[in-house]
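Asker: Enclosed is the structure file run39.cif (mmCIF, C-alpha atoms and all ligand atoms).
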data_target
loop_
_atom_site.label_atom_id
_atom_site.label_comp_id
_atom_site.auth_asym_id
_atom_site.auth_seq_id
_atom_site.Cartn_x
_atom_site.Cartn_y
_atom_site.Cartn_z
CA MET A 1 -28.33 -18.96 -4.23
CA SER A 2 -31.25 -20.12 -2.03
CA ALA A 3 -33.62 -17.45 -0.66
CA TYR A 4 -33.36 -16.56 3.02
CA SER A 5 -36.25 -18.43 4.67
CA ARG A 6 -35.51 -18.02 8.39
CA GLU A 7 -36.79 -15.36 10.78
CA LEU A 8 -35.27 -11.94 10.34
CA PRO A 9 -32.60 -10.93 12.88
CA THR A 10 -33.81 -8.53 15.58
CA THR A 11 -30.53 -7.31 17.11
CA VAL A 12 -27.22 -5.98 15.78
CA GLY A 13 -25.46 -9.14 16.94
CA GLU A 14 -27.96 -11.46 15.24
CA ALA A 15 -27.86 -9.44 12.01
CA LEU A 16 -24.08 -9.62 11.95
CA LYS A 17 -24.23 -13.39 12.46
CA VAL A 18 -26.78 -13.81 9.65
CA ALA A 19 -24.72 -11.66 7.26
CA VAL A 20 -21.60 -13.71 8.06
CA GLU A 21 -23.53 -16.96 7.49
CA ILE A 22 -24.84 -15.80 4.11
CA LEU A 23 -21.43 -14.55 2.93
CA SER A 24 -19.66 -17.68 4.22
CA ARG A 25 -21.45 -19.70 1.53
CA ARG A 26 -19.16 -18.01 -0.97
CA MET A 27 -15.73 -18.87 0.32
CA ASP A 28 -14.71 -19.23 -3.34
CA LEU A 29 -15.33 -15.49 -3.71
CA LEU A 30 -14.25 -14.18 -0.32
CA GLN A 31 -11.42 -14.94 2.02
CA THR A 32 -12.02 -15.59 5.74
CA GLY A 33 -11.11 -12.05 6.89
CA GLU A 34 -13.17 -10.51 4.12
CA VAL A 35 -16.38 -12.27 5.22
CA SER A 36 -16.56 -10.56 8.62
CA MET A 37 -15.28 -7.25 7.24
CA GLU A 38 -17.91 -7.20 4.47
CA ALA A 39 -20.66 -8.37 6.85
CA GLU A 40 -19.87 -5.42 9.14
CA VAL A 41 -19.89 -2.96 6.23
CA ILE A 42 -23.21 -4.35 4.93
CA LEU A 43 -24.83 -4.13 8.37
CA ALA A 44 -23.47 -0.62 9.04
CA PHE A 45 -24.79 0.52 5.66
CA SER A 46 -28.18 -1.14 6.27
CA LEU A 47 -28.48 0.61 9.64
CA SER A 48 -27.60 4.05 8.28
CA GLU A 49 -31.26 5.05 7.80
CA GLU A 50 -32.39 3.82 11.22
CA TRP A 51 -29.40 5.38 13.01
CA SER A 52 -29.43 8.53 10.79
CA ARG A 53 -25.81 7.88 9.82
CA MET A 54 -23.56 4.94 9.08
CA PRO A 55 -22.18 3.57 12.38
CA THR A 56 -18.46 2.97 12.74
CA ARG A 57 -17.12 -0.53 13.21
CA SER A 58 -16.55 -0.02 16.94
CA GLU A 59 -20.06 1.43 17.41
CA LEU A 60 -21.44 -1.70 15.76
CA LEU A 61 -19.40 -4.06 17.86
CA MET A 62 -20.37 -2.25 21.07
CA SER A 63 -24.08 -2.49 20.17
CA VAL A 64 -24.51 -6.21 19.58
CA GLY A 65 -27.49 -6.42 21.97
CA LYS A 66 -29.28 -3.39 20.51
CA THR A 67 -32.54 -4.09 18.64
CA ILE A 68 -32.86 -3.18 14.96
CA ASN A 69 -36.02 -2.54 12.93
CA THR A 70 -37.40 -4.87 10.27
CA ARG A 71 -36.32 -2.59 7.43
CA SER A 72 -32.66 -2.64 8.53
CA ALA A 73 -32.82 -6.42 9.00
CA GLU A 74 -34.35 -6.97 5.54
CA ARG A 75 -31.79 -4.68 3.95
CA THR A 76 -28.92 -6.55 5.63
CA VAL A 77 -30.18 -9.91 4.40
CA ARG A 78 -30.93 -8.64 0.88
CA ILE A 79 -27.53 -6.99 0.38
CA ALA A 80 -25.66 -9.97 1.87
CA GLN A 81 -27.53 -12.29 -0.49
CA SER A 82 -26.77 -10.13 -3.54
CA ARG A 83 -23.13 -10.06 -2.49
CA ALA A 84 -23.17 -13.85 -2.12
CA ASP A 85 -24.66 -13.99 -5.64
CA GLY A 86 -21.42 -12.39 -6.82
CA LYS A 87 -22.38 -8.72 -7.15
CA ILE A 88 -19.66 -6.23 -6.30
CA LEU A 89 -20.01 -4.91 -2.75
CA GLN A 90 -19.41 -1.28 -3.73
CA HIS A 91 -22.13 -1.47 -6.39
CA LEU A 92 -24.58 -2.64 -3.74
CA LEU A 93 -23.59 0.16 -1.36
CA GLY A 94 -23.23 2.77 -4.13
CA PHE A 95 -19.94 4.15 -2.92
CA GLN A 96 -16.28 3.38 -2.25
CA THR A 97 -14.01 5.16 0.17
CA PHE A 98 -10.83 6.36 -1.53
CA LEU A 99 -8.25 8.15 0.64
CA GLU A 100 -10.17 10.96 2.33
CA HIS A 101 -13.56 10.80 0.60
CA ASN A 102 -16.43 8.53 -0.37
CA TYR A 103 -16.89 8.28 -4.14
CA ILE A 104 -20.18 7.36 -5.80
CA VAL A 105 -19.67 4.28 -7.97
CA SER A 106 -21.87 2.29 -10.33
CA PRO A 107 -21.26 -0.37 -12.99
CA ASP A 108 -20.29 2.55 -15.30
CA VAL A 109 -16.98 3.19 -13.53
CA LEU A 110 -14.12 1.16 -12.17
CA VAL A 111 -14.38 0.93 -8.38
CA PRO A 112 -11.31 2.85 -7.16
CA ARG A 113 -8.82 0.37 -5.72
CA PRO A 114 -6.55 0.52 -2.65
CA GLU A 115 -3.54 0.12 -5.01
CA THR A 116 -4.51 3.39 -6.67
CA GLU A 117 -4.33 5.08 -3.26
CA ILE A 118 -0.62 4.20 -3.35
CA LEU A 119 -0.31 5.89 -6.76
CA VAL A 120 -1.84 9.11 -5.40
CA ASP A 121 0.14 8.87 -2.19
CA ARG A 122 3.50 8.53 -4.02
CA LEU A 123 2.62 11.34 -6.40
CA VAL A 124 1.62 13.61 -3.49
CA LEU A 125 5.07 13.04 -1.94
CA GLU A 126 6.70 14.03 -5.24
CA LEU A 127 4.50 17.11 -5.69
CA LYS A 128 5.25 18.34 -2.18
CA VAL A 129 9.00 18.53 -2.87
CA MET A 130 8.88 20.06 -6.37
CA LYS A 131 11.03 23.18 -6.59
CA GLU A 132 8.14 25.20 -7.98
CA ALA A 133 4.72 24.44 -6.51
CA PRO A 134 2.76 22.48 -9.17
CA THR A 135 -0.33 24.22 -10.52
CA GLN A 136 -1.38 22.12 -13.55
CA GLY A 137 -1.94 18.39 -13.66
CA LEU A 138 -3.14 16.04 -16.38
CA GLU A 139 -4.90 12.73 -15.76
CA ILE A 140 -5.45 10.12 -18.46
CA GLY A 141 -8.58 8.03 -17.68
CA LEU A 142 -10.62 9.89 -15.04
CA GLY A 143 -13.19 7.15 -14.20
CA SER A 144 -15.05 8.01 -10.97
CA GLY A 145 -12.77 11.04 -10.55
CA ALA A 146 -11.02 9.62 -7.48
CA ILE A 147 -7.45 10.56 -8.49
CA SER A 148 -8.06 14.08 -9.85
CA VAL A 149 -10.58 15.05 -7.19
CA GLU A 150 -8.35 13.80 -4.39
CA LEU A 151 -5.42 15.82 -5.81
CA CYS A 152 -7.56 18.97 -6.15
CA SER A 153 -8.76 18.50 -2.61
CA ARG A 154 -5.21 18.07 -1.21
CA PHE A 155 -3.66 20.94 -3.22
CA PRO A 156 -6.02 23.93 -3.38
CA TYR A 157 -3.81 25.65 -5.98
CA ILE A 158 -3.72 22.74 -8.45
CA LYS A 159 -5.98 22.62 -11.52
CA MET A 160 -6.49 19.32 -13.31
CA ALA A 161 -7.35 18.45 -16.90
CA ALA A 162 -8.60 14.88 -17.16
CA THR A 163 -9.46 12.75 -20.18
CA GLU A 164 -12.13 10.08 -20.27
CA ARG A 165 -13.47 7.80 -23.01
CA SER A 166 -16.79 6.87 -21.40
CA SER A 167 -19.53 9.50 -21.17
CA ALA A 168 -21.30 7.42 -18.49
CA ALA A 169 -18.12 7.62 -16.38
CA VAL A 170 -17.93 11.38 -16.96
CA PHE A 171 -21.42 11.70 -15.48
CA ILE A 172 -20.34 9.92 -12.27
CA ALA A 173 -17.08 11.91 -12.09
CA GLU A 174 -19.07 15.15 -12.37
CA GLU A 175 -21.29 14.10 -9.48
CA ASN A 176 -18.27 13.21 -7.34
CA SER A 177 -16.50 16.46 -8.22
CA GLU A 178 -19.50 18.56 -7.26
CA ARG A 179 -20.07 16.68 -3.99
CA ILE A 180 -16.44 16.79 -2.90
CA LEU A 181 -15.01 19.97 -4.45
CA GLY A 182 -18.18 22.07 -4.30
CA SER A 183 -20.25 23.88 -6.92
CA ALA A 184 -17.23 25.73 -8.39
CA TRP A 185 -15.50 22.42 -9.20
CA ARG A 186 -15.33 23.25 -12.92
CA ASP A 187 -12.76 25.95 -12.10
CA ARG A 188 -10.49 23.18 -10.79
CA LEU A 189 -11.18 20.21 -13.04
CA GLN A 190 -11.62 20.27 -16.80
CA ILE A 191 -13.00 17.02 -18.20
CA LEU A 192 -12.11 16.14 -21.80
CA THR A 193 -14.01 13.36 -23.52
CA VAL A 194 -11.88 11.46 -26.03
CA SER A 195 -12.56 8.96 -28.79
CA GLU A 196 -11.41 5.34 -28.79
CA GLY A 197 -7.64 4.96 -28.84
CA GLU A 198 -7.12 8.72 -28.44
CA VAL A 199 -4.79 9.56 -25.55
CA PHE A 200 -3.77 13.21 -25.90
CA PRO A 201 -6.68 15.22 -27.35
CA PRO A 202 -5.84 18.32 -29.44
CA THR A 203 -7.33 20.61 -26.74
CA ILE A 204 -4.40 19.95 -24.39
CA GLN A 205 -1.67 20.45 -27.00
CA GLY A 206 0.24 23.63 -26.21
CA THR A 207 -0.35 23.42 -22.43
CA LEU A 208 2.64 22.51 -20.26
CA PHE A 209 1.70 20.46 -17.20
CA ASP A 210 3.63 19.93 -13.97
CA PHE A 211 2.63 16.28 -13.84
CA LEU A 212 0.76 13.51 -15.62
CA VAL A 213 -1.00 10.81 -13.65
CA SER A 214 -2.80 7.76 -14.94
CA ASN A 215 -4.26 4.43 -13.95
CA PRO A 216 -5.01 3.34 -17.51
CA PRO A 217 -6.87 0.23 -18.69
CA TYR A 218 -4.08 -2.34 -18.66
CA LEU A 219 -5.51 -5.82 -19.14
CA LYS A 220 -5.07 -7.77 -22.35
CA GLY A 221 -8.30 -9.77 -22.04
CA PRO A 222 -10.91 -11.26 -19.68
CA GLU A 223 -8.60 -14.13 -18.76
CA GLU A 224 -6.52 -11.63 -16.78
CA ALA A 225 -9.30 -10.63 -14.34
CA THR A 226 -11.69 -12.40 -11.98
CA GLU A 227 -15.10 -13.46 -13.28
CA GLU A 228 -16.74 -10.93 -10.94
CA VAL A 229 -14.68 -8.02 -12.31
CA VAL A 230 -15.23 -8.97 -15.96
CA ARG A 231 -18.98 -9.37 -15.39
CA TYR A 232 -19.69 -6.21 -13.42
CA GLU A 233 -16.99 -3.62 -14.18
CA PRO A 234 -16.87 -1.67 -17.49
CA ALA A 235 -14.74 -3.27 -20.21
CA VAL A 236 -13.52 0.17 -21.34
CA ALA A 237 -11.91 0.63 -17.90
CA LEU A 238 -10.28 -2.80 -17.85
CA PHE A 239 -9.00 -3.68 -21.29
CA ALA A 240 -6.34 -1.83 -23.25
CA PRO A 241 -7.16 -1.22 -26.95
CA LYS A 242 -5.95 -3.54 -29.69
CA ASP A 243 -5.13 -6.38 -27.22
CA ASP A 244 -2.02 -4.34 -26.45
CA ALA A 245 -1.62 -4.27 -22.67
CA LEU A 246 1.16 -1.67 -23.00
CA PHE A 247 -0.86 0.64 -25.28
CA PHE A 248 -1.32 3.54 -22.82
CA TYR A 249 2.16 3.20 -21.29
CA ARG A 250 3.76 3.43 -24.75
CA LYS A 251 1.65 6.47 -25.69
CA ILE A 252 2.47 8.18 -22.38
CA ALA A 253 6.19 7.36 -22.51
CA GLU A 254 6.40 8.69 -26.07
CA GLY A 255 3.98 11.62 -25.87
CA ALA A 256 4.34 13.08 -22.35
CA SER A 257 7.60 14.86 -23.04
CA ALA A 258 5.88 17.47 -25.23
CA LEU A 259 3.24 18.10 -22.56
CA LEU A 260 5.33 18.37 -19.41
CA LYS A 261 7.42 21.22 -18.02
CA PRO A 262 11.17 20.45 -17.71
CA GLN A 263 10.72 19.39 -14.06
CA GLY A 264 7.54 17.49 -14.91
CA ILE A 265 6.68 14.16 -13.31
CA ILE A 266 4.84 11.11 -14.61
CA ALA A 267 3.12 8.78 -12.13
CA VAL A 268 1.34 5.72 -13.50
CA GLU A 269 -0.20 2.66 -11.93
CA ILE A 270 1.22 -0.52 -13.45
CA PRO A 271 0.30 -4.21 -13.39
CA HIS A 272 3.05 -5.99 -11.46
CA GLU A 273 3.13 -8.78 -14.05
CA ARG A 274 4.36 -6.29 -16.69
CA SER A 275 6.29 -3.92 -14.47
CA GLN A 276 9.69 -4.62 -16.03
CA ALA A 277 8.39 -4.31 -19.61
CA ILE A 278 6.84 -0.95 -18.70
CA LEU A 279 10.00 0.21 -16.93
CA SER A 280 12.06 -0.66 -20.04
CA LEU A 281 9.61 1.20 -22.23
CA PHE A 282 9.93 4.42 -20.20
CA GLN A 283 13.71 4.10 -19.97
CA ALA A 284 13.97 3.56 -23.73
CA ALA A 285 11.92 6.74 -24.26
CA GLY A 286 14.51 8.63 -22.18
CA TRP A 287 12.73 8.82 -18.80
CA ASN A 288 14.58 8.43 -15.54
CA SER A 289 12.19 5.95 -13.95
CA ARG A 290 11.71 4.01 -10.75
CA ILE A 291 9.10 1.57 -9.48
CA GLU A 292 7.33 1.71 -6.11
CA LEU A 293 5.70 -1.23 -4.34
CA ASP A 294 2.13 -1.52 -3.06
CA LEU A 295 1.17 -2.71 0.43
CA THR A 296 1.39 -6.35 -0.66
CA GLY A 297 4.97 -5.83 -1.89
CA ARG A 298 4.04 -5.88 -5.58
CA GLU A 299 5.52 -3.50 -8.14
CA ARG A 300 2.61 -1.12 -8.62
CA VAL A 301 3.60 2.48 -9.40
CA LEU A 302 6.08 3.90 -11.87
CA ILE A 303 7.46 7.40 -11.31
CA ALA A 304 9.31 8.98 -14.23
CA LYS A 305 11.19 12.24 -14.65
CA ARG A 306 13.33 13.62 -17.44
CA ALA A 307 16.69 11.89 -17.54
C1 LIG B 401 -8.52 1.65 -14.88
S1 LIG B 401 -9.75 2.88 -15.04
C2 LIG B 401 -9.18 4.09 -13.90
C3 LIG B 401 -10.25 5.00 -13.40
C4 LIG B 401 -9.82 5.93 -12.25
N1 LIG B 401 -8.82 6.86 -12.70
C5 LIG B 401 -9.31 5.11 -11.10
O1 LIG B 401 -8.09 5.01 -10.94
O2 LIG B 401 -10.13 4.55 -10.35
C6 LIG B 401 -9.33 3.56 -16.62
C7 LIG B 401 -10.26 4.66 -17.11
O3 LIG B 401 -9.79 5.08 -18.40
C8 LIG B 401 -10.90 5.28 -19.25
N2 LIG B 401 -10.44 5.20 -20.65
C9 LIG B 401 -10.44 4.17 -21.52
N3 LIG B 401 -9.88 4.53 -22.70
C10 LIG B 401 -9.50 5.82 -22.55
C11 LIG B 401 -8.84 6.78 -23.40
N4 LIG B 401 -8.46 6.47 -24.64
N5 LIG B 401 -8.60 8.00 -22.91
C12 LIG B 401 -8.97 8.34 -21.65
N6 LIG B 401 -9.60 7.49 -20.81
C13 LIG B 401 -9.85 6.25 -21.26
C14 LIG B 401 -11.89 4.23 -18.82
O4 LIG B 401 -13.20 4.54 -19.24
C15 LIG B 401 -11.70 4.24 -17.29
O5 LIG B 401 -12.55 5.18 -16.70
#
As structure tokens, please, write out the structure in this file.
Ligand SMILES: C[S@@+](CC[C@H](N)C(=O)[O-])C[C@H]1O[C@@H](n2cnc3c(N)ncnc32)[C@H](O)[C@@H]1O
Answerer:
Amino acid sequence: MSAYSRELPTTVGEALKVAVEILSRRMDLLQTGEVSMEAEVILAFSLSEEWSRMPTRSELLMSVGKTINTRSAERTVRIAQSRADGKILQHLLGFQTFLEHNYIVSPDVLVPRPETEILVDRLVLELKVMKEAPTQGLEIGLGSGAISVELCSRFPYIKMAATERSSAAVFIAEENSERILGSAWRDRLQILTVSEGEVFPPTIQGTLFDFLVSNPPYLKGPEEATEEVVRYEPAVALFAPKDDALFFYRKIAEGASALLKPQGIIAVEIPHERSQAILSLFQAAGWNSRIELDLTGRERVLIAKRA
């Protein structure tokens, strides 16, 4: 990617135009709508120091003639160029918005995805209509903490236990938990570090949970993800062990029964390409299961209850 050699933009409108120009060089990476959306996010983020907070989209668009300082202009150009070099936008900004909160992210955790918001959303609907209010949840694969923290924040009486394989991810999840749930977050979320291939650590045996939620690593290999994802996101979050894309689903379908109360619910994110194989697996293990679609109409979430 060539260095930016022109004069720096001096107004909001010019900076937006420059960011769009830089990002437009990577139409292989970004789609047309994404270029302007990402340019706006990059500019808003770059202005957050000068404006003492990150402006909203409408504030930006109403301020096109407003002058900006050199530091904001340089930041806009630098971030847009790194993005055009293929870096992940959320890594450049340091956060990702997930449902009601911003989560710190880094190359040590999977950037929480919009599809996973559907998983939480569908589970929340189920939890709200449970006969007995749920108090104990289990998450397999905590990552940045987005799922467990969001559930703790929505349901003040729920406590979560969450497993994680990567200690670097645990560090980020702890930061997010403290920022979002407050200093007493450890009373609400217990993090359990597990070894490779371990799914249900001995420490949770004997506890009966109201629900189990998971967005597990579900790719077979690098050929199943974009170059950008494979290069910048952690392999431990992407690839299932032993080249077995169904590894976690099989373990959950077979093992969850002993860990859930009779009315217990399983909610898992699934790759749409393997949705029917995963559905069959849960049905064969005796779970009454259904699949929910994401916003693009793809089969994305499996909800299972005892048959
Ligand atoms: C697809 S990411 C999901 C992260 C987060 N829950 C989310 O939805 O954004 C899967 C997570 O599972 C973790 N992981 C991998 N193997 C694991 C295991 N055996 N037990 C628990 N977590 C594991 C990864 O490190 C990663 O953080």
Asker: Please extract the residues at most 7 Å from ligand LIG 401 (chain B), counting all atoms listed in the file, and provide them as a ChimeraX atom specification, using the chain letters and residue numbers of this document.
Answerer: /A:109-113,116,140-147,163-166,169,194-199,214-217,236-238
Asker: Would you list the contacts of Arg300 in chain A as a list in words, taking every protein, DNA or RNA residue within 7 Å and counting only C-alpha atoms, but skipping same-chain residues closer than 2 positions in sequence?
Answerer: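 Residues near the query, excluding close chain neighbours: Glu269, Ile270, Pro271, His272, Glu292, Leu293, Asp294, Arg298 and Leu302 of chain A.
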Asker: So the first atom is CA of Arg306 in chain A and the second is CA of Ala162 in chain A; what is the distance between them in Å, to one decimal place?
Answerer: 22.0 Å
Asker: Taking (-23.5, -14.4, 4.6) in the file's coordinates, which residues come within 12 Å, counting only C-alpha atoms, written as a ChimeraX atom specification?
Answerer: /A:1-4,14-27,29-30,32,34-40,42-43,76-86
Asker: Report as a ChimeraX atom specification all protein, DNA and RNA residues lying within 10 Å of Asn102 in chain A, evaluated on all atoms listed in the file, omitting residues in the same chain fewer than 3 positions from it.
Answerer: /A:94-99,105,146,176,179-180
Asker: At a cut-off of 10 Å, using only C-alpha atoms, what residues contact Arg250 in chain A? Leave out same-chain residues fewer than 6 positions from it and give the result as a PyMOL selection string.
Answerer: chain A and resi 244+256+278+281-282+285
Asker: What does the distance between CA of Asp187 in chain A and CA of Leu212 in chain A come to in Å, to one decimal place?
Answerer: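 The value is 18.7 Å.
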Asker: Smallest atom-to-atom distance to Ser280 in chain A: which of A:Leu89, A:Leu125, A:Ala304, A:Ile104, using all atoms listed in the file?
Answerer: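 When distances to Ser280 in chain A are compared using all atoms listed in the file, the smallest one comes from A:Ala304.
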Asker: Mind listing whatever residues come within 7 Å of the point (-32.6, -6.3, 11.2)? Use all atoms listed in the file, file coordinates, and give them as a ChimeraX atom specification.
Answerer: /A:8-11,15,68-74,76
Asker: So how far away is CA of Pro202 in chain A from CA of Phe247 in chain A, in Å?
Answerer: 18.8 Å
Asker: With all atoms listed in the file as the basis for distance, which of A:Lys242, A:Arg188, A:Lys261, A:Arg57 is at the shortest distance from Leu208 in chain A?
Answerer: A:Lys261
Asker: Pick the closest to Ile291 in chain A from A:Leu259, A:Arg122, A:Glu139, A:Phe239: which is it, counting all atoms listed in the file?
Answerer: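 Of A:Leu259, A:Arg122, A:Glu139, A:Phe239, the one nearest Ile291 in chain A is A:Arg122, counting all atoms listed in the file.
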